[in-house]
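For reference, the structure is listed below as structure tokens.
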Amino acid sequence: MNKPIEQFKTDVQEELENFIESNPEPRELKRALAIRMLIQGFKVTKIQKTLGVSAAFVSKCKVRFALECIEGLKLKHKGSKGYLNQSDRISIIEWLRSQNPIDLSKLENYIEDNYGIKFK
């Protein structure tokens, strides 16, 4: 059985509120707040001033939310794979603790010599 449109709106609003309350990453939160304000009937100019965003930002959030719901508000980029694994990082930290004083050029040389990572 199909849900009435009002029940659908209520479900979406509840999901949006739960997402906001989950303390998402700040950029995701700003997107969610823009959508909540649109749902509440705020004009785009008021949203712009309140959140410090552009009209294009609000429009993009609106389209992504319409297409993907909450997933459309989430960041897609997860970052690149690091150059060092966990044990390498621990070794470097231990080496740093043994240095007095800490010298950035020594650290760069240590990492390049031991891990083959060159700094630009």
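Please note that chains go A, B, ... in the order of the structure tokens, that every chain numbers its residues from 1, and that ligands are numbered from 1 in the order shown.
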What parts of chain A does DSSP call helix (DSSP H, G or I)? I'd like the answer as a PDB file with N, CA and C atoms, in the first residue's frame.
ATOM      1  N   ILE A   5       1.162  11.238   0.808  1.00  0.00           N
ATOM      2  CA  ILE A   5       2.275  12.176   0.671  1.00  0.00           C
ATOM      3  C   ILE A   5       2.624  12.852   1.998  1.00  0.00           C
ATOM      4  N   GLU A   6       1.636  13.153   2.817  1.00  0.00           N
ATOM      5  CA  GLU A   6       1.916  13.796   4.106  1.00  0.00           C
ATOM      6  C   GLU A   6       2.727  12.879   5.013  1.00  0.00           C
ATOM      7  N   GLN A   7       2.425  11.578   4.997  1.00  0.00           N
ATOM      8  CA  GLN A   7       3.194  10.631   5.813  1.00  0.00           C
ATOM      9  C   GLN A   7       4.629  10.538   5.288  1.00  0.00           C
ATOM     10  N   PHE A   8       4.785  10.579   3.968  1.00  0.00           N
ATOM     11  CA  PHE A   8       6.123  10.550   3.372  1.00  0.00           C
ATOM     12  C   PHE A   8       6.922  11.768   3.833  1.00  0.00           C
ATOM     13  N   LYS A   9       6.302  12.944   3.788  1.00  0.00           N
ATOM     14  CA  LYS A   9       6.980  14.171   4.234  1.00  0.00           C
ATOM     15  C   LYS A   9       7.396  14.059   5.690  1.00  0.00           C
ATOM     16  N   THR A  10       6.513  13.529   6.525  1.00  0.00           N
ATOM     17  CA  THR A  10       6.810  13.374   7.947  1.00  0.00           C
ATOM     18  C   THR A  10       7.986  12.430   8.150  1.00  0.00           C
ATOM     19  N   ASP A  11       8.004  11.319   7.410  1.00  0.00           N
ATOM     20  CA  ASP A  11       9.103  10.360   7.510  1.00  0.00           C
ATOM     21  C   ASP A  11      10.425  10.994   7.100  1.00  0.00           C
ATOM     22  N   VAL A  12      10.406  11.766   6.010  1.00  0.00           N
ATOM     23  CA  VAL A  12      11.619  12.416   5.527  1.00  0.00           C
ATOM     24  C   VAL A  12      12.088  13.451   6.540  1.00  0.00           C
ATOM     25  N   GLN A  13      11.179  14.227   7.088  1.00  0.00           N
ATOM     26  CA  GLN A  13      11.551  15.233   8.077  1.00  0.00           C
ATOM     27  C   GLN A  13      12.143  14.573   9.324  1.00  0.00           C
ATOM     28  N   GLU A  14      11.562  13.464   9.733  1.00  0.00           N
ATOM     29  CA  GLU A  14      12.071  12.750  10.908  1.00  0.00           C
ATOM     30  C   GLU A  14      13.481  12.214  10.640  1.00  0.00           C
ATOM     31  N   GLU A  15      13.692  11.670   9.453  1.00  0.00           N
ATOM     32  CA  GLU A  15      15.016  11.172   9.079  1.00  0.00           C
ATOM     33  C   GLU A  15      16.027  12.321   9.046  1.00  0.00           C
ATOM     34  N   LEU A  16      15.610  13.472   8.530  1.00  0.00           N
ATOM     35  CA  LEU A  16      16.472  14.642   8.477  1.00  0.00           C
ATOM     36  C   LEU A  16      16.829  15.113   9.882  1.00  0.00           C
ATOM     37  N   GLU A  17      15.854  15.180  10.769  1.00  0.00           N
ATOM     38  CA  GLU A  17      16.106  15.602  12.154  1.00  0.00           C
ATOM     39  C   GLU A  17      17.051  14.630  12.850  1.00  0.00           C
ATOM     40  N   ASN A  18      16.869  13.341  12.628  1.00  0.00           N
ATOM     41  CA  ASN A  18      17.759  12.340  13.230  1.00  0.00           C
ATOM     42  C   ASN A  18      19.187  12.526  12.725  1.00  0.00           C
ATOM     43  N   PHE A  19      19.325  12.829  11.443  1.00  0.00           N
ATOM     44  CA  PHE A  19      20.651  13.064  10.873  1.00  0.00           C
ATOM     45  C   PHE A  19      21.289  14.293  11.512  1.00  0.00           C
ATOM     46  N   ILE A  20      20.536  15.367  11.660  1.00  0.00           N
ATOM     47  CA  ILE A  20      21.054  16.598  12.270  1.00  0.00           C
ATOM     48  C   ILE A  20      21.483  16.329  13.711  1.00  0.00           C
ATOM     49  N   GLU A  21      20.680  15.589  14.436  1.00  0.00           N
ATOM     50  CA  GLU A  21      20.983  15.284  15.838  1.00  0.00           C
ATOM     51  C   GLU A  21      22.164  14.324  15.995  1.00  0.00           C
ATOM     52  N   PRO A  26      30.640  19.084   9.941  1.00  0.00           N
ATOM     53  CA  PRO A  26      30.073  20.430   9.782  1.00  0.00           C
ATOM     54  C   PRO A  26      29.528  20.766   8.391  1.00  0.00           C
ATOM     55  N   ARG A  27      30.195  20.316   7.344  1.00  0.00           N
ATOM     56  CA  ARG A  27      29.690  20.617   5.990  1.00  0.00           C
ATOM     57  C   ARG A  27      28.395  19.861   5.725  1.00  0.00           C
ATOM     58  N   GLU A  28      28.305  18.640   6.235  1.00  0.00           N
ATOM     59  CA  GLU A  28      27.068  17.870   6.093  1.00  0.00           C
ATOM     60  C   GLU A  28      25.947  18.523   6.889  1.00  0.00           C
ATOM     61  N   LEU A  29      26.276  19.014   8.084  1.00  0.00           N
ATOM     62  CA  LEU A  29      25.285  19.680   8.920  1.00  0.00           C
ATOM     63  C   LEU A  29      24.733  20.923   8.235  1.00  0.00           C
ATOM     64  N   LYS A  30      25.607  21.700   7.617  1.00  0.00           N
ATOM     65  CA  LYS A  30      25.168  22.915   6.927  1.00  0.00           C
ATOM     66  C   LYS A  30      24.200  22.559   5.798  1.00  0.00           C
ATOM     67  N   ARG A  31      24.487  21.485   5.073  1.00  0.00           N
ATOM     68  CA  ARG A  31      23.593  21.027   4.007  1.00  0.00           C
ATOM     69  C   ARG A  31      22.237  20.624   4.585  1.00  0.00           C
ATOM     70  N   ALA A  32      22.276  19.877   5.681  1.00  0.00           N
ATOM     71  CA  ALA A  32      21.031  19.412   6.307  1.00  0.00           C
ATOM     72  C   ALA A  32      20.207  20.583   6.842  1.00  0.00           C
ATOM     73  N   LEU A  33      20.871  21.558   7.424  1.00  0.00           N
ATOM     74  CA  LEU A  33      20.153  22.727   7.939  1.00  0.00           C
ATOM     75  C   LEU A  33      19.509  23.522   6.810  1.00  0.00           C
ATOM     76  N   ALA A  34      20.205  23.611   5.671  1.00  0.00           N
ATOM     77  CA  ALA A  34      19.623  24.308   4.516  1.00  0.00           C
ATOM     78  C   ALA A  34      18.345  23.598   4.073  1.00  0.00           C
ATOM     79  N   ILE A  35      18.368  22.276   4.037  1.00  0.00           N
ATOM     80  CA  ILE A  35      17.175  21.517   3.637  1.00  0.00           C
ATOM     81  C   ILE A  35      16.066  21.690   4.656  1.00  0.00           C
ATOM     82  N   ARG A  36      16.403  21.621   5.940  1.00  0.00           N
ATOM     83  CA  ARG A  36      15.376  21.801   6.970  1.00  0.00           C
ATOM     84  C   ARG A  36      14.722  23.174   6.832  1.00  0.00           C
ATOM     85  N   MET A  37      15.539  24.194   6.593  1.00  0.00           N
ATOM     86  CA  MET A  37      14.985  25.535   6.457  1.00  0.00           C
ATOM     87  C   MET A  37      14.088  25.640   5.223  1.00  0.00           C
ATOM     88  N   LEU A  38      14.473  24.977   4.125  1.00  0.00           N
ATOM     89  CA  LEU A  38      13.611  24.958   2.932  1.00  0.00           C
ATOM     90  C   LEU A  38      12.274  24.294   3.254  1.00  0.00           C
ATOM     91  N   ILE A  39      12.320  23.164   3.928  1.00  0.00           N
ATOM     92  CA  ILE A  39      11.094  22.447   4.299  1.00  0.00           C
ATOM     93  C   ILE A  39      10.219  23.311   5.189  1.00  0.00           C
ATOM     94  N   VAL A  44      15.237  31.371   0.161  1.00  0.00           N
ATOM     95  CA  VAL A  44      16.653  31.092  -0.088  1.00  0.00           C
ATOM     96  C   VAL A  44      17.529  32.229   0.432  1.00  0.00           C
ATOM     97  N   THR A  45      17.095  33.476   0.278  1.00  0.00           N
ATOM     98  CA  THR A  45      17.910  34.607   0.746  1.00  0.00           C
ATOM     99  C   THR A  45      18.113  34.553   2.262  1.00  0.00           C
ATOM    100  N   LYS A  46      17.099  34.133   2.998  1.00  0.00           N
ATOM    101  CA  LYS A  46      17.213  34.009   4.457  1.00  0.00           C
ATOM    102  C   LYS A  46      18.173  32.874   4.810  1.00  0.00           C
ATOM    103  N   ILE A  47      18.092  31.773   4.073  1.00  0.00           N
ATOM    104  CA  ILE A  47      18.996  30.636   4.300  1.00  0.00           C
ATOM    105  C   ILE A  47      20.436  31.066   4.031  1.00  0.00           C
ATOM    106  N   GLN A  48      20.636  31.811   2.947  1.00  0.00           N
ATOM    107  CA  GLN A  48      21.967  32.304   2.601  1.00  0.00           C
ATOM    108  C   GLN A  48      22.559  33.128   3.742  1.00  0.00           C
ATOM    109  N   LYS A  49      21.782  34.065   4.241  1.00  0.00           N
ATOM    110  CA  LYS A  49      22.265  34.944   5.297  1.00  0.00           C
ATOM    111  C   LYS A  49      22.499  34.183   6.595  1.00  0.00           C
ATOM    112  N   THR A  50      21.592  33.303   6.939  1.00  0.00           N
ATOM    113  CA  THR A  50      21.678  32.566   8.203  1.00  0.00           C
ATOM    114  C   THR A  50      22.860  31.605   8.225  1.00  0.00           C
ATOM    115  N   LEU A  51      23.064  30.876   7.131  1.00  0.00           N
ATOM    116  CA  LEU A  51      24.107  29.858   7.094  1.00  0.00           C
ATOM    117  C   LEU A  51      25.404  30.327   6.445  1.00  0.00           C
ATOM    118  N   ALA A  55      23.306  30.952  -2.996  1.00  0.00           N
ATOM    119  CA  ALA A  55      22.062  30.401  -3.540  1.00  0.00           C
ATOM    120  C   ALA A  55      22.348  29.103  -4.288  1.00  0.00           C
ATOM    121  N   ALA A  56      23.497  29.047  -4.956  1.00  0.00           N
ATOM    122  CA  ALA A  56      23.876  27.824  -5.674  1.00  0.00           C
ATOM    123  C   ALA A  56      24.063  26.657  -4.710  1.00  0.00           C
ATOM    124  N   PHE A  57      24.630  26.934  -3.531  1.00  0.00           N
ATOM    125  CA  PHE A  57      24.808  25.891  -2.513  1.00  0.00           C
ATOM    126  C   PHE A  57      23.449  25.333  -2.096  1.00  0.00           C
ATOM    127  N   VAL A  58      22.503  26.210  -1.832  1.00  0.00           N
ATOM    128  CA  VAL A  58      21.164  25.792  -1.417  1.00  0.00           C
ATOM    129  C   VAL A  58      20.508  24.967  -2.526  1.00  0.00           C
ATOM    130  N   SER A  59      20.625  25.441  -3.748  1.00  0.00           N
ATOM    131  CA  SER A  59      20.038  24.733  -4.884  1.00  0.00           C
ATOM    132  C   SER A  59      20.654  23.344  -5.054  1.00  0.00           C
ATOM    133  N   LYS A  60      21.960  23.277  -4.946  1.00  0.00           N
ATOM    134  CA  LYS A  60      22.638  21.990  -5.092  1.00  0.00           C
ATOM    135  C   LYS A  60      22.217  21.024  -3.985  1.00  0.00           C
ATOM    136  N   CYS A  61      22.103  21.505  -2.772  1.00  0.00           N
ATOM    137  CA  CYS A  61      21.652  20.664  -1.657  1.00  0.00           C
ATOM    138  C   CYS A  61      20.242  20.148  -1.909  1.00  0.00           C
ATOM    139  N   LYS A  62      19.403  21.038  -2.407  1.00  0.00           N
ATOM    140  CA  LYS A  62      18.007  20.683  -2.680  1.00  0.00           C
ATOM    141  C   LYS A  62      17.922  19.561  -3.716  1.00  0.00           C
ATOM    142  N   VAL A  63      18.690  19.674  -4.795  1.00  0.00           N
ATOM    143  CA  VAL A  63      18.681  18.659  -5.857  1.00  0.00           C
ATOM    144  C   VAL A  63      19.230  17.341  -5.327  1.00  0.00           C
ATOM    145  N   ARG A  64      20.361  17.397  -4.623  1.00  0.00           N
ATOM    146  CA  ARG A  64      20.958  16.165  -4.101  1.00  0.00           C
ATOM    147  C   ARG A  64      20.043  15.485  -3.096  1.00  0.00           C
ATOM    148  N   PHE A  65      19.371  16.280  -2.263  1.00  0.00           N
ATOM    149  CA  PHE A  65      18.446  15.707  -1.287  1.00  0.00           C
ATOM    150  C   PHE A  65      17.249  15.080  -1.997  1.00  0.00           C
ATOM    151  N   ALA A  66      16.755  15.728  -3.037  1.00  0.00           N
ATOM    152  CA  ALA A  66      15.618  15.189  -3.786  1.00  0.00           C
ATOM    153  C   ALA A  66      15.976  13.859  -4.451  1.00  0.00           C
ATOM    154  N   LEU A  67      17.211  13.744  -4.928  1.00  0.00           N
ATOM    155  CA  LEU A  67      17.630  12.528  -5.627  1.00  0.00           C
ATOM    156  C   LEU A  67      18.069  11.402  -4.695  1.00  0.00           C
ATOM    157  N   GLU A  68      18.753  11.769  -3.581  1.00  0.00           N
ATOM    158  CA  GLU A  68      19.374  10.748  -2.743  1.00  0.00           C
ATOM    159  C   GLU A  68      18.977  10.793  -1.271  1.00  0.00           C
ATOM    160  N   CYS A  69      18.103  11.699  -0.910  1.00  0.00           N
ATOM    161  CA  CYS A  69      17.682  11.893   0.489  1.00  0.00           C
ATOM    162  C   CYS A  69      18.916  12.185   1.351  1.00  0.00           C
ATOM    163  N   ILE A  70      19.033  11.596   2.520  1.00  0.00           N
ATOM    164  CA  ILE A  70      20.126  11.902   3.446  1.00  0.00           C
ATOM    165  C   ILE A  70      21.493  11.600   2.822  1.00  0.00           C
ATOM    166  N   GLU A  71      21.589  10.533   2.057  1.00  0.00           N
ATOM    167  CA  GLU A  71      22.872  10.182   1.429  1.00  0.00           C
ATOM    168  C   GLU A  71      23.382  11.306   0.531  1.00  0.00           C
ATOM    169  N   GLY A  72      22.483  12.091  -0.034  1.00  0.00           N
ATOM    170  CA  GLY A  72      22.874  13.207  -0.877  1.00  0.00           C
ATOM    171  C   GLY A  72      23.509  14.352  -0.109  1.00  0.00           C
ATOM    172  N   LEU A  73      23.323  14.377   1.207  1.00  0.00           N
ATOM    173  CA  LEU A  73      23.897  15.425   2.042  1.00  0.00           C
ATOM    174  C   LEU A  73      25.280  15.054   2.570  1.00  0.00           C
ATOM    175  N   GLN A  86      50.116   1.808  10.017  1.00  0.00           N
ATOM    176  CA  GLN A  86      50.046   2.138  11.442  1.00  0.00           C
ATOM    177  C   GLN A  86      51.381   1.888  12.144  1.00  0.00           C
ATOM    178  N   SER A  87      52.035   0.794  11.851  1.00  0.00           N
ATOM    179  CA  SER A  87      53.297   0.502  12.553  1.00  0.00           C
ATOM    180  C   SER A  87      54.402   1.482  12.133  1.00  0.00           C
ATOM    181  N   ASP A  88      54.402   1.900  10.870  1.00  0.00           N
ATOM    182  CA  ASP A  88      55.371   2.908  10.421  1.00  0.00           C
ATOM    183  C   ASP A  88      55.155   4.227  11.163  1.00  0.00           C
ATOM    184  N   ARG A  89      53.902   4.625  11.306  1.00  0.00           N
ATOM    185  CA  ARG A  89      53.597   5.875  12.018  1.00  0.00           C
ATOM    186  C   ARG A  89      54.061   5.791  13.475  1.00  0.00           C
ATOM    187  N   ILE A  90      53.826   4.636  14.105  1.00  0.00           N
ATOM    188  CA  ILE A  90      54.243   4.447  15.502  1.00  0.00           C
ATOM    189  C   ILE A  90      55.768   4.543  15.604  1.00  0.00           C
ATOM    190  N   SER A  91      56.478   3.921  14.658  1.00  0.00           N
ATOM    191  CA  SER A  91      57.947   3.986  14.659  1.00  0.00           C
ATOM    192  C   SER A  91      58.437   5.421  14.521  1.00  0.00           C
ATOM    193  N   ILE A  92      57.798   6.182  13.660  1.00  0.00           N
ATOM    194  CA  ILE A  92      58.201   7.580  13.465  1.00  0.00           C
ATOM    195  C   ILE A  92      57.943   8.386  14.730  1.00  0.00           C
ATOM    196  N   ILE A  93      56.811   8.156  15.367  1.00  0.00           N
ATOM    197  CA  ILE A  93      56.505   8.874  16.620  1.00  0.00           C
ATOM    198  C   ILE A  93      57.530   8.535  17.689  1.00  0.00           C
ATOM    199  N   GLU A  94      57.895   7.261  17.787  1.00  0.00           N
ATOM    200  CA  GLU A  94      58.918   6.860  18.760  1.00  0.00           C
ATOM    201  C   GLU A  94      60.251   7.538  18.449  1.00  0.00           C
ATOM    202  N   TRP A  95      60.611   7.586  17.169  1.00  0.00           N
ATOM    203  CA  TRP A  95      61.841   8.265  16.776  1.00  0.00           C
ATOM    204  C   TRP A  95      61.777   9.744  17.156  1.00  0.00           C
ATOM    205  N   LEU A  96      60.624  10.373  16.894  1.00  0.00           N
ATOM    206  CA  LEU A  96      60.459  11.791  17.238  1.00  0.00           C
ATOM    207  C   LEU A  96      60.650  12.034  18.733  1.00  0.00           C
ATOM    208  N   ARG A  97      60.108  11.131  19.536  1.00  0.00           N
ATOM    209  CA  ARG A  97      60.224  11.293  20.999  1.00  0.00           C
ATOM    210  C   ARG A  97      61.681  11.216  21.454  1.00  0.00           C
ATOM    211  N   SER A  98      62.511  10.516  20.692  1.00  0.00           N
ATOM    212  CA  SER A  98      63.927  10.385  21.069  1.00  0.00           C
ATOM    213  C   SER A  98      64.745  11.591  20.638  1.00  0.00           C
ATOM    214  N   LEU A 104      62.581  19.677  11.878  1.00  0.00           N
ATOM    215  CA  LEU A 104      61.752  19.261  10.748  1.00  0.00           C
ATOM    216  C   LEU A 104      62.592  18.667   9.624  1.00  0.00           C
ATOM    217  N   SER A 105      63.715  19.257   9.321  1.00  0.00           N
ATOM    218  CA  SER A 105      64.537  18.722   8.222  1.00  0.00           C
ATOM    219  C   SER A 105      65.082  17.338   8.576  1.00  0.00           C
ATOM    220  N   LYS A 106      65.417  17.094   9.854  1.00  0.00           N
ATOM    221  CA  LYS A 106      65.850  15.763  10.276  1.00  0.00           C
ATOM    222  C   LYS A 106      64.715  14.751  10.111  1.00  0.00           C
ATOM    223  N   LEU A 107      63.505  15.181  10.460  1.00  0.00           N
ATOM    224  CA  LEU A 107      62.333  14.301  10.321  1.00  0.00           C
ATOM    225  C   LEU A 107      62.120  13.945   8.858  1.00  0.00           C
ATOM    226  N   GLU A 108      62.172  14.934   7.981  1.00  0.00           N
ATOM    227  CA  GLU A 108      62.002  14.674   6.551  1.00  0.00           C
ATOM    228  C   GLU A 108      63.066  13.700   6.041  1.00  0.00           C
ATOM    229  N   ASN A 109      64.317  13.904   6.457  1.00  0.00           N
ATOM    230  CA  ASN A 109      65.399  13.006   6.042  1.00  0.00           C
ATOM    231  C   ASN A 109      65.181  11.597   6.585  1.00  0.00           C
ATOM    232  N   TYR A 110      64.762  11.488   7.849  1.00  0.00           N
ATOM    233  CA  TYR A 110      64.509  10.185   8.472  1.00  0.00           C
ATOM    234  C   TYR A 110      63.427   9.424   7.700  1.00  0.00           C
ATOM    235  N   ILE A 111      62.349  10.110   7.371  1.00  0.00           N
ATOM    236  CA  ILE A 111      61.248   9.461   6.648  1.00  0.00           C
ATOM    237  C   ILE A 111      61.686   9.075   5.239  1.00  0.00           C
ATOM    238  N   GLU A 112      62.407   9.938   4.583  1.00  0.00           N
ATOM    239  CA  GLU A 112      62.872   9.621   3.230  1.00  0.00           C
ATOM    240  C   GLU A 112      63.846   8.438   3.251  1.00  0.00           C
ATOM    241  N   ASP A 113      64.785   8.450   4.191  1.00  0.00           N
ATOM    242  CA  ASP A 113      65.785   7.378   4.269  1.00  0.00           C
ATOM    243  C   ASP A 113      65.162   6.031   4.650  1.00  0.00           C
ATOM    244  N   ASN A 114      64.198   6.049   5.570  1.00  0.00           N
ATOM    245  CA  ASN A 114      63.657   4.792   6.094  1.00  0.00           C
ATOM    246  C   ASN A 114      62.399   4.302   5.395  1.00  0.00           C
ATOM    247  N   TYR A 115      61.664   5.216   4.759  1.00  0.00           N
ATOM    248  CA  TYR A 115      60.379   4.819   4.168  1.00  0.00           C
ATOM    249  C   TYR A 115      60.261   5.199   2.691  1.00  0.00           C
TER     250      TYR A 115
END
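One finds CA of Gly79 in chain A at 28.3 Å from CA of Ile102 in chain A.
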